[in-house]
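Here is target.pdb, consisting of PDB, C-alpha atoms:
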```pdb
ATOM      1  CA  MET A   1      11.007 -19.901 -17.478
ATOM      2  CA  SER A   2      13.738 -18.966 -15.054
ATOM      3  CA  THR A   3      17.395 -19.669 -14.462
ATOM      4  CA  THR A   4      19.006 -20.355 -11.096
ATOM      5  CA  ILE A   5      21.927 -18.112 -10.142
ATOM      6  CA  ALA A   6      24.292 -19.612  -7.596
ATOM      7  CA  PRO A   7      25.627 -17.055  -5.106
ATOM      8  CA  PRO A   8      29.368 -16.384  -5.328
ATOM      9  CA  THR A   9      31.579 -17.279  -2.394
ATOM     10  CA  THR A  10      33.289 -14.484  -0.455
ATOM     11  CA  ASN A  11      35.161 -14.252   2.815
ATOM     12  CA  GLY A  12      34.502 -12.058   5.810
ATOM     13  CA  ASP A  13      31.296 -10.376   6.901
ATOM     14  CA  LEU A  14      31.203  -7.379   4.570
ATOM     15  CA  ASN A  15      29.196  -8.132   1.408
ATOM     16  CA  ASN A  16      29.313 -11.814   2.274
ATOM     17  CA  THR A  17      27.030 -13.585  -0.184
ATOM     18  CA  SER A  18      28.179 -17.141   0.520
ATOM     19  CA  SER A  19      25.313 -17.688   2.957
ATOM     20  CA  MET A  20      22.706 -16.372   0.548
ATOM     21  CA  ARG A  21      19.981 -18.577  -0.831
ATOM     22  CA  ALA A  22      20.234 -19.308  -4.544
ATOM     23  CA  THR A  23      17.856 -17.003  -6.423
ATOM     24  CA  LYS A  24      15.985 -17.188  -9.677
ATOM     25  CA  LYS A  25      16.127 -14.392 -12.201
ATOM     26  CA  LEU A  26      12.652 -13.293 -13.180
ATOM     27  CA  VAL A  27      11.760 -13.520 -16.835
ATOM     28  CA  THR A  28       9.504 -10.638 -17.799
ATOM     29  CA  ASP A  29       7.277  -9.994 -20.777
ATOM     30  CA  LYS A  30       8.634  -6.798 -22.339
ATOM     31  CA  ALA A  31       5.200  -6.013 -23.732
ATOM     32  CA  TYR A  32       4.237  -4.895 -20.222
ATOM     33  CA  SER A  33       7.298  -2.683 -19.652
ATOM     34  CA  PHE A  34       5.606   0.695 -20.173
ATOM     35  CA  LEU A  35       1.965  -0.337 -20.395
ATOM     36  CA  SER A  36      -0.600   1.677 -18.437
ATOM     37  CA  LEU A  37      -3.548  -0.130 -16.861
ATOM     38  CA  ALA A  38      -5.161   3.095 -15.633
ATOM     39  CA  ILE A  39      -8.952   3.291 -15.706
ATOM     40  CA  PRO A  40      -9.984   5.362 -18.761
ATOM     41  CA  ALA A  41     -12.058   8.461 -18.010
ATOM     42  CA  ASP A  42     -15.070   7.118 -19.895
ATOM     43  CA  LYS A  43     -15.078   3.958 -17.743
ATOM     44  CA  ASP A  44     -14.416   5.644 -14.403
ATOM     45  CA  ASP A  45     -17.036   6.765 -11.909
ATOM     46  CA  PRO A  46     -17.185  10.570 -12.445
ATOM     47  CA  THR A  47     -18.176  11.231  -8.822
ATOM     48  CA  ILE A  48     -15.250   9.210  -7.444
ATOM     49  CA  ARG A  49     -12.902  10.738 -10.013
ATOM     50  CA  LYS A  50     -13.847  14.241  -8.894
ATOM     51  CA  SER A  51     -13.823  13.602  -5.138
ATOM     52  CA  HIS A  52     -11.008  11.098  -4.622
ATOM     53  CA  ARG A  53      -8.645  11.263  -7.595
ATOM     54  CA  PRO A  54      -7.081  14.759  -7.460
ATOM     55  CA  PHE A  55      -3.781  13.264  -8.643
ATOM     56  CA  ILE A  56      -4.984  12.659 -12.211
ATOM     57  CA  LEU A  57      -3.325  14.948 -14.750
ATOM     58  CA  ASP A  58      -4.201  15.837 -18.327
ATOM     59  CA  ASP A  59      -3.918  12.978 -20.806
ATOM     60  CA  GLU A  60      -1.140  14.798 -22.669
ATOM     61  CA  VAL A  61       0.978  15.012 -19.507
ATOM     62  CA  THR A  62       0.195  11.474 -18.360
ATOM     63  CA  ALA A  63       1.216  10.005 -21.702
ATOM     64  CA  SER A  64       4.803  11.271 -21.436
ATOM     65  CA  ASP A  65       5.612  12.140 -17.803
ATOM     66  CA  TRP A  66       8.203  10.376 -15.644
ATOM     67  CA  VAL A  67       5.679   7.852 -14.328
ATOM     68  CA  SER A  68       4.854   6.737 -17.876
ATOM     69  CA  ARG A  69       8.556   6.086 -18.533
ATOM     70  CA  LEU A  70       9.051   3.657 -15.628
ATOM     71  CA  GLU A  71       9.897   0.085 -16.625
ATOM     72  CA  LEU A  72       7.464  -1.961 -14.539
ATOM     73  CA  ALA A  73       6.916  -5.069 -16.624
ATOM     74  CA  LYS A  74       6.597  -7.776 -13.962
ATOM     75  CA  VAL A  75       4.268  -5.955 -11.561
ATOM     76  CA  THR A  76       2.143  -4.702 -14.480
ATOM     77  CA  GLU A  77       1.857  -8.248 -15.781
ATOM     78  CA  MET A  78       0.831  -9.425 -12.299
ATOM     79  CA  SER A  79      -1.771  -6.692 -11.987
ATOM     80  CA  HIS A  80      -3.179  -7.370 -15.441
ATOM     81  CA  GLY A  81      -3.447 -11.072 -14.683
ATOM     82  CA  SER A  82      -5.209 -10.357 -11.391
ATOM     83  CA  ILE A  83      -7.742  -8.053 -13.052
ATOM     84  CA  LEU A  84      -8.511 -10.661 -15.711
ATOM     85  CA  GLN A  85      -8.823 -13.467 -13.167
ATOM     86  CA  SER A  86     -10.797 -11.693 -10.446
ATOM     87  CA  GLY A  87     -12.613  -9.068 -12.481
ATOM     88  CA  THR A  88     -11.654  -6.431  -9.903
ATOM     89  CA  ARG A  89      -8.818  -3.980  -9.454
ATOM     90  CA  LEU A  90      -6.648  -3.676  -6.365
ATOM     91  CA  ARG A  91      -8.359  -1.086  -4.152
ATOM     92  CA  VAL A  92      -5.931   1.294  -2.441
ATOM     93  CA  LEU A  93      -6.664   4.078   0.038
ATOM     94  CA  VAL A  94      -3.972   6.786   0.167
ATOM     95  CA  ILE A  95      -3.759   8.980   3.292
ATOM     96  CA  TYR A  96      -1.526  12.025   3.829
ATOM     97  CA  GLY A  97      -0.924  14.102   6.941
ATOM     98  CA  SER A  98      -0.963  17.843   6.316
ATOM     99  CA  LEU A  99      -3.463  20.667   5.757
ATOM    100  CA  ARG A 100      -0.916  23.112   4.323
ATOM    101  CA  THR A 101      -1.714  24.672   0.950
ATOM    102  CA  ARG A 102       1.538  23.363  -0.502
ATOM    103  CA  SER A 103       1.830  20.148   1.440
ATOM    104  CA  TYR A 104       4.782  17.958   0.488
ATOM    105  CA  SER A 105       3.181  14.878   1.995
ATOM    106  CA  LYS A 106       0.180  15.543  -0.262
ATOM    107  CA  LEU A 107       2.421  16.050  -3.286
ATOM    108  CA  LEU A 108       4.214  12.779  -2.533
ATOM    109  CA  ALA A 109       0.869  11.025  -1.966
ATOM    110  CA  PHE A 110      -0.228  12.221  -5.417
ATOM    111  CA  GLU A 111       2.957  10.897  -7.063
ATOM    112  CA  ILE A 112       2.517   7.535  -5.322
ATOM    113  CA  SER A 113      -1.108   7.494  -6.453
ATOM    114  CA  ARG A 114      -0.069   8.115 -10.072
ATOM    115  CA  ILE A 115       2.195   5.068 -10.040
ATOM    116  CA  LEU A 116      -0.513   2.938  -8.420
ATOM    117  CA  TRP A 117      -3.009   4.260 -10.974
ATOM    118  CA  ARG A 118      -0.750   3.331 -13.871
ATOM    119  CA  LEU A 119      -0.436  -0.169 -12.409
ATOM    120  CA  GLY A 120      -4.186  -0.669 -12.636
ATOM    121  CA  CYS A 121      -5.168   0.045  -9.033
ATOM    122  CA  ASP A 122      -8.435   1.678  -8.080
ATOM    123  CA  VAL A 123      -6.889   4.529  -6.080
ATOM    124  CA  ARG A 124      -8.773   6.850  -3.773
ATOM    125  CA  VAL A 125      -7.105   9.673  -1.843
ATOM    126  CA  TYR A 126      -8.663  10.942   1.366
ATOM    127  CA  ASP A 127      -8.594  14.701   2.016
ATOM    128  CA  PRO A 128      -8.298  15.283   5.802
ATOM    129  CA  SER A 129      -9.652  18.839   5.615
ATOM    130  CA  GLY A 130     -12.642  19.191   7.907
ATOM    131  CA  LEU A 131     -12.047  15.979   9.864
ATOM    132  CA  PRO A 132     -12.716  16.692  13.567
ATOM    133  CA  MET A 133     -10.420  15.650  16.361
ATOM    134  CA  LYS A 134     -11.178  12.207  17.769
ATOM    135  CA  ASP A 135     -13.883  12.378  20.413
ATOM    136  CA  ASP A 136     -17.106  10.629  21.499
ATOM    137  CA  ALA A 137     -19.477  13.046  19.765
ATOM    138  CA  ASN A 138     -18.575  13.021  16.066
ATOM    139  CA  HIS A 139     -18.926   9.394  15.003
ATOM    140  CA  ASP A 140     -21.641  10.400  12.509
ATOM    141  CA  HIS A 141     -19.657  13.322  11.096
ATOM    142  CA  PRO A 142     -19.575  13.089   7.243
ATOM    143  CA  LYS A 143     -15.763  13.200   7.126
ATOM    144  CA  VAL A 144     -15.526  10.412   9.718
ATOM    145  CA  GLN A 145     -17.988   8.239   7.810
ATOM    146  CA  GLU A 146     -16.173   8.950   4.547
ATOM    147  CA  LEU A 147     -12.851   7.810   6.014
ATOM    148  CA  ARG A 148     -14.318   4.675   7.567
ATOM    149  CA  ASP A 149     -16.132   3.770   4.350
ATOM    150  CA  LEU A 150     -12.923   4.155   2.346
ATOM    151  CA  SER A 151     -10.962   2.008   4.793
ATOM    152  CA  ARG A 152     -13.658  -0.697   4.685
ATOM    153  CA  TRP A 153     -13.647  -0.562   0.872
ATOM    154  CA  SER A 154      -9.872  -0.906   0.533
ATOM    155  CA  ASP A 155      -7.597  -3.906   0.040
ATOM    156  CA  GLY A 156      -4.626  -1.905   1.297
ATOM    157  CA  HIS A 157      -3.523   1.524   2.508
ATOM    158  CA  PHE A 158      -0.591   3.745   1.582
ATOM    159  CA  TRP A 159       0.281   6.215   4.345
ATOM    160  CA  VAL A 160       2.322   9.389   3.777
ATOM    161  CA  SER A 161       3.064  11.680   6.724
ATOM    162  CA  PRO A 162       5.292  14.686   7.250
ATOM    163  CA  GLU A 163       7.707  14.569  10.143
ATOM    164  CA  GLN A 164       7.128  17.281  12.744
ATOM    165  CA  HIS A 165       8.967  17.433  16.066
ATOM    166  CA  GLY A 166      10.597  14.142  15.164
ATOM    167  CA  ASN A 167       7.395  12.184  14.531
ATOM    168  CA  LEU A 168       4.133  11.955  12.608
ATOM    169  CA  THR A 169       1.715  14.887  12.620
ATOM    170  CA  GLY A 170      -1.507  15.267  14.578
ATOM    171  CA  VAL A 171      -3.389  15.562  11.278
ATOM    172  CA  PHE A 172      -2.245  12.098  10.283
ATOM    173  CA  LYS A 173      -2.751  10.496  13.703
ATOM    174  CA  THR A 174      -6.299  11.879  13.898
ATOM    175  CA  GLN A 175      -7.189  10.025  10.708
ATOM    176  CA  ILE A 176      -5.851   6.749  12.083
ATOM    177  CA  ASP A 177      -7.632   7.329  15.414
ATOM    178  CA  TRP A 178     -10.987   7.617  13.630
ATOM    179  CA  ILE A 179     -10.567   4.202  11.984
ATOM    180  CA  PRO A 180     -12.101   1.759  14.512
ATOM    181  CA  LEU A 181      -9.518  -0.271  16.365
ATOM    182  CA  SER A 182     -11.773  -3.276  16.681
ATOM    183  CA  THR A 183     -15.221  -4.665  16.084
ATOM    184  CA  GLY A 184     -15.485  -7.240  18.820
ATOM    185  CA  SER A 185     -12.038  -8.849  18.827
ATOM    186  CA  VAL A 186     -11.398  -8.319  15.108
ATOM    187  CA  ARG A 187      -9.550  -5.297  13.710
ATOM    188  CA  PRO A 188     -11.452  -3.801  10.737
ATOM    189  CA  THR A 189      -8.092  -3.268   9.017
ATOM    190  CA  GLN A 190      -6.872  -6.821   9.689
ATOM    191  CA  GLY A 191      -5.226  -8.504   6.694
ATOM    192  CA  ARG A 192      -4.755  -5.376   4.608
ATOM    193  CA  THR A 193      -1.372  -4.422   3.186
ATOM    194  CA  LEU A 194       0.313  -1.141   4.078
ATOM    195  CA  GLY A 195       2.816   1.050   2.252
ATOM    196  CA  LEU A 196       4.772   3.715   4.173
ATOM    197  CA  ALA A 197       6.404   6.994   3.212
ATOM    198  CA  MET A 198       7.360  10.255   4.905
ATOM    199  CA  VAL A 199       8.733  13.691   4.111
ATOM    200  CA  SER A 200      10.814  15.937   6.332
ATOM    201  CA  GLY A 201      12.102  19.479   6.170
ATOM    202  CA  GLY A 202      15.555  18.599   7.496
ATOM    203  CA  SER A 203      18.061  15.785   7.162
ATOM    204  CA  GLN A 204      16.894  12.253   6.549
ATOM    205  CA  SER A 205      15.042  10.583   9.382
ATOM    206  CA  PHE A 206      13.089   7.354   9.781
ATOM    207  CA  ASN A 207      11.262   8.224  13.006
ATOM    208  CA  THR A 208       7.936   8.795  11.292
ATOM    209  CA  VAL A 209       7.895   5.706   9.063
ATOM    210  CA  ASN A 210       8.946   3.625  12.067
ATOM    211  CA  SER A 211       6.026   5.038  14.058
ATOM    212  CA  LEU A 212       3.677   4.412  11.141
ATOM    213  CA  ARG A 213       4.912   0.827  11.049
ATOM    214  CA  ILE A 214       4.039   0.414  14.738
ATOM    215  CA  LEU A 215       0.549   1.815  14.106
ATOM    216  CA  GLY A 216       0.036  -0.539  11.173
ATOM    217  CA  ARG A 217       1.165  -3.555  13.166
ATOM    218  CA  TRP A 218      -1.198  -2.641  15.994
ATOM    219  CA  MET A 219      -4.029  -2.524  13.433
ATOM    220  CA  ARG A 220      -2.948  -5.965  12.181
ATOM    221  CA  MET A 221      -1.996  -4.677   8.763
ATOM    222  CA  PHE A 222       0.891  -6.152   6.788
ATOM    223  CA  ALA A 223       3.429  -3.341   6.376
ATOM    224  CA  ILE A 224       5.737  -4.073   3.443
ATOM    225  CA  PRO A 225       9.458  -4.379   4.297
ATOM    226  CA  ASN A 226      10.467  -1.339   2.227
ATOM    227  CA  GLN A 227       9.736   2.290   3.123
ATOM    228  CA  SER A 228      10.497   5.750   1.771
ATOM    229  CA  SER A 229      11.878   8.786   3.586
ATOM    230  CA  ILE A 230      12.437  12.025   1.654
ATOM    231  CA  PRO A 231      14.635  14.622   3.410
ATOM    232  CA  MET A 232      14.501  18.357   2.666
ATOM    233  CA  ALA A 233      11.282  17.807   0.742
ATOM    234  CA  TYR A 234      11.118  21.482  -0.235
ATOM    235  CA  LYS A 235      14.106  20.788  -2.529
ATOM    236  CA  GLN A 236      12.697  17.595  -4.039
ATOM    237  CA  PHE A 237       9.676  18.902  -5.955
ATOM    238  CA  THR A 238       9.434  21.158  -8.990
ATOM    239  CA  GLY A 239       7.576  24.453  -8.823
ATOM    240  CA  GLU A 240       3.841  24.712  -9.221
ATOM    241  CA  ASP A 241       4.313  25.944 -12.787
ATOM    242  CA  GLY A 242       7.016  23.388 -13.646
ATOM    243  CA  GLU A 243       6.988  20.737 -16.333
ATOM    244  CA  GLU A 244       4.724  17.679 -16.322
ATOM    245  CA  GLY A 245       1.936  19.528 -14.573
ATOM    246  CA  GLY A 246       4.108  21.113 -11.879
ATOM    247  CA  SER A 247       4.907  20.054  -8.294
ATOM    248  CA  ARG A 248       6.475  16.803  -9.463
ATOM    249  CA  LEU A 249       9.048  14.721  -7.587
ATOM    250  CA  MET A 250      12.505  15.302  -9.033
ATOM    251  CA  GLU A 251      14.667  12.578 -10.495
ATOM    252  CA  GLY A 252      17.153  10.906  -8.163
ATOM    253  CA  GLY A 253      17.668   8.216  -5.580
ATOM    254  CA  ASN A 254      14.758   9.386  -3.422
ATOM    255  CA  ARG A 255      12.372   9.048  -6.340
ATOM    256  CA  ASP A 256      13.746   5.631  -7.250
ATOM    257  CA  ARG A 257      13.107   4.466  -3.684
ATOM    258  CA  VAL A 258       9.499   5.668  -3.893
ATOM    259  CA  VAL A 259       9.015   3.600  -7.054
ATOM    260  CA  ASP A 260      10.558   0.583  -5.308
ATOM    261  CA  CYS A 261       8.076   0.942  -2.452
ATOM    262  CA  VAL A 262       5.026   1.257  -4.691
ATOM    263  CA  GLU A 263       6.137  -1.688  -6.834
ATOM    264  CA  GLU A 264       6.718  -3.835  -3.745
ATOM    265  CA  PHE A 265       3.415  -2.776  -2.203
ATOM    266  CA  VAL A 266       1.440  -3.809  -5.283
ATOM    267  CA  LYS A 267       3.244  -7.157  -5.529
ATOM    268  CA  TYR A 268       2.566  -8.045  -1.890
ATOM    269  CA  SER A 269      -1.019  -6.800  -2.118
ATOM    270  CA  LEU A 270      -1.809  -8.864  -5.205
ATOM    271  CA  VAL A 271      -0.369 -12.015  -3.646
ATOM    272  CA  MET A 272      -2.103 -11.497  -0.292
ATOM    273  CA  ARG A 273      -5.485 -10.373  -1.614
ATOM    274  CA  GLU A 274      -6.180 -13.850  -2.971
ATOM    275  CA  HIS A 275      -5.849 -15.174   0.593
ATOM    276  CA  PHE A 276      -7.530 -12.354   2.533
ATOM    277  CA  GLU A 277      -9.646 -14.719   4.623
ATOM    278  CA  LEU A 278      -6.589 -16.867   5.370
ATOM    279  CA  PHE A 279      -4.647 -13.991   6.951
ATOM    280  CA  GLY A 280      -7.682 -13.002   8.987
ATOM    281  CA  ASP A 281      -8.026 -16.479  10.486
ATOM    282  CA  ARG A 282      -6.564 -16.741  13.994
ATOM    283  CA  TYR A 283      -6.681 -19.552  16.527
ATOM    284  CA  SER A 284      -7.585 -17.203  19.374
ATOM    285  CA  GLU A 285     -10.562 -15.839  17.439
ATOM    286  CA  ARG A 286     -12.012 -19.120  16.154
ATOM    287  CA  PRO A 287     -14.850 -20.927  17.948
ATOM    288  CA  ARG A 288     -13.482 -23.722  20.134
ATOM    289  CA  VAL A 289     -13.808 -27.211  18.672
ATOM    290  CA  GLU A 290     -13.330 -30.201  20.940
ATOM    291  CA  PRO A 291     -11.827 -33.478  19.648
ATOM    292  CA  GLY A 292     -14.001 -36.539  19.706
ATOM    293  CA  THR A 293     -15.804 -37.179  16.431
ATOM    294  CA  ASP A 294     -14.831 -40.126  14.260
ATOM    295  CA  GLU A 295     -13.388 -37.814  11.623
ATOM    296  CA  GLU A 296     -11.190 -36.064  14.182
ATOM    297  CA  VAL A 297     -10.026 -39.416  15.594
ATOM    298  CA  ASP A 298      -8.979 -40.331  12.075
ATOM    299  CA  ARG A 299      -6.965 -37.154  11.912
ATOM    300  CA  LEU A 300      -5.276 -37.954  15.200
ATOM    301  CA  THR A 301      -4.293 -41.379  13.865
ATOM    302  CA  GLY A 302      -2.840 -39.832  10.738
ATOM    303  CA  LYS A 303      -5.731 -40.305   8.342
ATOM    304  CA  VAL A 304      -7.983 -37.746   6.673
ATOM    305  CA  ASN A 305     -10.868 -39.089   4.604
ATOM    306  CA  GLY A 306      -9.173 -42.460   4.555
ATOM    307  CA  VAL A 307      -5.848 -41.112   3.322
ATOM    308  CA  ASP A 308      -2.797 -41.991   5.411
ATOM    309  CA  LEU A 309      -0.874 -38.739   5.785
ATOM    310  CA  GLY A 310       2.233 -40.705   6.654
ATOM    311  CA  SER A 311       2.416 -41.847   3.056
ATOM    312  CA  ILE A 312       2.677 -38.313   1.646
TER     313      ILE A 312
END
```
Would it be possible to restate this file's structure as structure tokens?
Amino acid sequence: MSTTIAPPTTNGDLNNTSSMRATKKLVTDKAYSFLSLAIPADKDDPTIRKSHRPFILDDEVTASDWVSRLELAKVTEMSHGSILQSGTRLRVLVIYGSLRTRSYSKLLAFEISRILWRLGCDVRVYDPSGLPMKDDANHDHPKVQELRDLSRWSDGHFWVSPEQHGNLTGVFKTQIDWIPLSTGSVRPTQGRTLGLAMVSGGSQSFNTVNSLRILGRWMRMFAIPNQSSIPMAYKQFTGEDGEEGGSRLMEGGNRDRVVDCVEEFVKYSLVMREHFELFGDRYSERPRVEPGTDEEVDRLTGKVNGVDLGSI
């Protein structure tokens, strides 16, 4: 059930809601508010858990940390319904862009992964250590094959890059460069959803997320409208020995925005995954079909299988 809320009328351009479309208030099932859909350890693949889930914390921490206290009823309900209907979890590849020992893009990628994990996603984080620079000689390199396999496996990506010299890092761009741009005329990443986030050492900037958005568009991915930019990242995380496992994103508006982005990413991904083939279907890439058969003539005259479309 839902109720329609008519927008109030205001004058002027500032905060003018009179031209807004009437919206419906979502009715949520409170039973899902703080529910975790994370894959239990005894049902998870131990090899994948060890190699691609470094974000998982001890059960005691996970049961009471800030991620567990997020009210995420609607998106959790959607995810649960999708798992029951399809029998599969949303598959998300998380990529970060730094090799530093204490990398803030990695720390943010881990926090994003924990929210995705709680929402029932099958999350796999790629470690860029050891990935060679893009060239013509390393296509069979194990790290290259690992990255390509993960991208092929995924339903969507979440990219997190530091900002260096006003843009994304070479470490991050190298990862994207190793993902094939096309197989024939089709992008291997076509139709996948994309979440975007960045960290910077100085004041807030959006250069990097804007560049990531351009990369995603070029790869025919659907970048969600929202994005996260965390300024002065060295001030936004707790110490390595801090509470909740250490190196956790501190409470505040920046953290709230990260949650918004992850929530929005999962919603879009769940809706679009059901129609993956639809979003990969393009006129320019379909075999040419010439009009002329009886069935096509019927379509041209407004009838399909004897049904007059003019009557609909």
Translate the PyMOL selection byres ((chain A and resi 36) around 10), as applied to the file shown, into an explicit residue set as a PyMOL selection string. chain A and resi 32-35+37-39+62-63+67-68+72+76+80+115+117-120
For the interface of range 201-280 of chain A with range 43-61 of chain A (cut-off 12 Å, counting all atoms listed in the file), please tabulate each contacting residue of range 201-280 of chain A alongside its nearest pair of atoms and their separation in Å to one decimal, rows sorted by chain and increasing number, as a Markdown table.
```
| residue | atom | partner | partner_atom | distance |
| --- | --- | --- | --- | --- |
| A:Gly242 | CA | A:Val61 | CA | 11.9 |
| A:Glu243 | CA | A:Val61 | CA | 8.9 |
| A:Glu244 | CA | A:Val61 | CA | 5.6 |
| A:Gly245 | CA | A:Val61 | CA | 6.8 |
| A:Gly246 | CA | A:Leu57 | CA | 10.1 |
| A:Ser247 | CA | A:Phe55 | CA | 11.0 |
| A:Arg248 | CA | A:Phe55 | CA | 10.9 |
```
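Counting from CA of Val271 in chain A, the distance to CA of Ala73 in chain A is 16.4 Å.
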CA of Thr88 in chain A to CA of Ser113 in chain A: how many Å, to one decimal?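 Between these atoms lies a distance of 17.8 Å.
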For range 260-279 of chain A, what centre and edge lengths in Å (one decimal) does the axis-aligned box get once 5 Å is added on each side of all its listed atoms, as lines of an AutoDock Vina configuration file?
```
center_x = 0.5
center_y = -7.8
center_z = 0.1
size_x = 30.2
size_y = 28.1
size_z = 23.8
```
Selection dump of the PyMOL selection byres ((chain A and resi 176) around 12), as a count of residues only: 35
For Thr101 in chain A, which residue out of A:Gln164, A:Gln190, A:Ser129, A:Gln204 is the nearest one, using only C-alpha atoms? A:Ser129
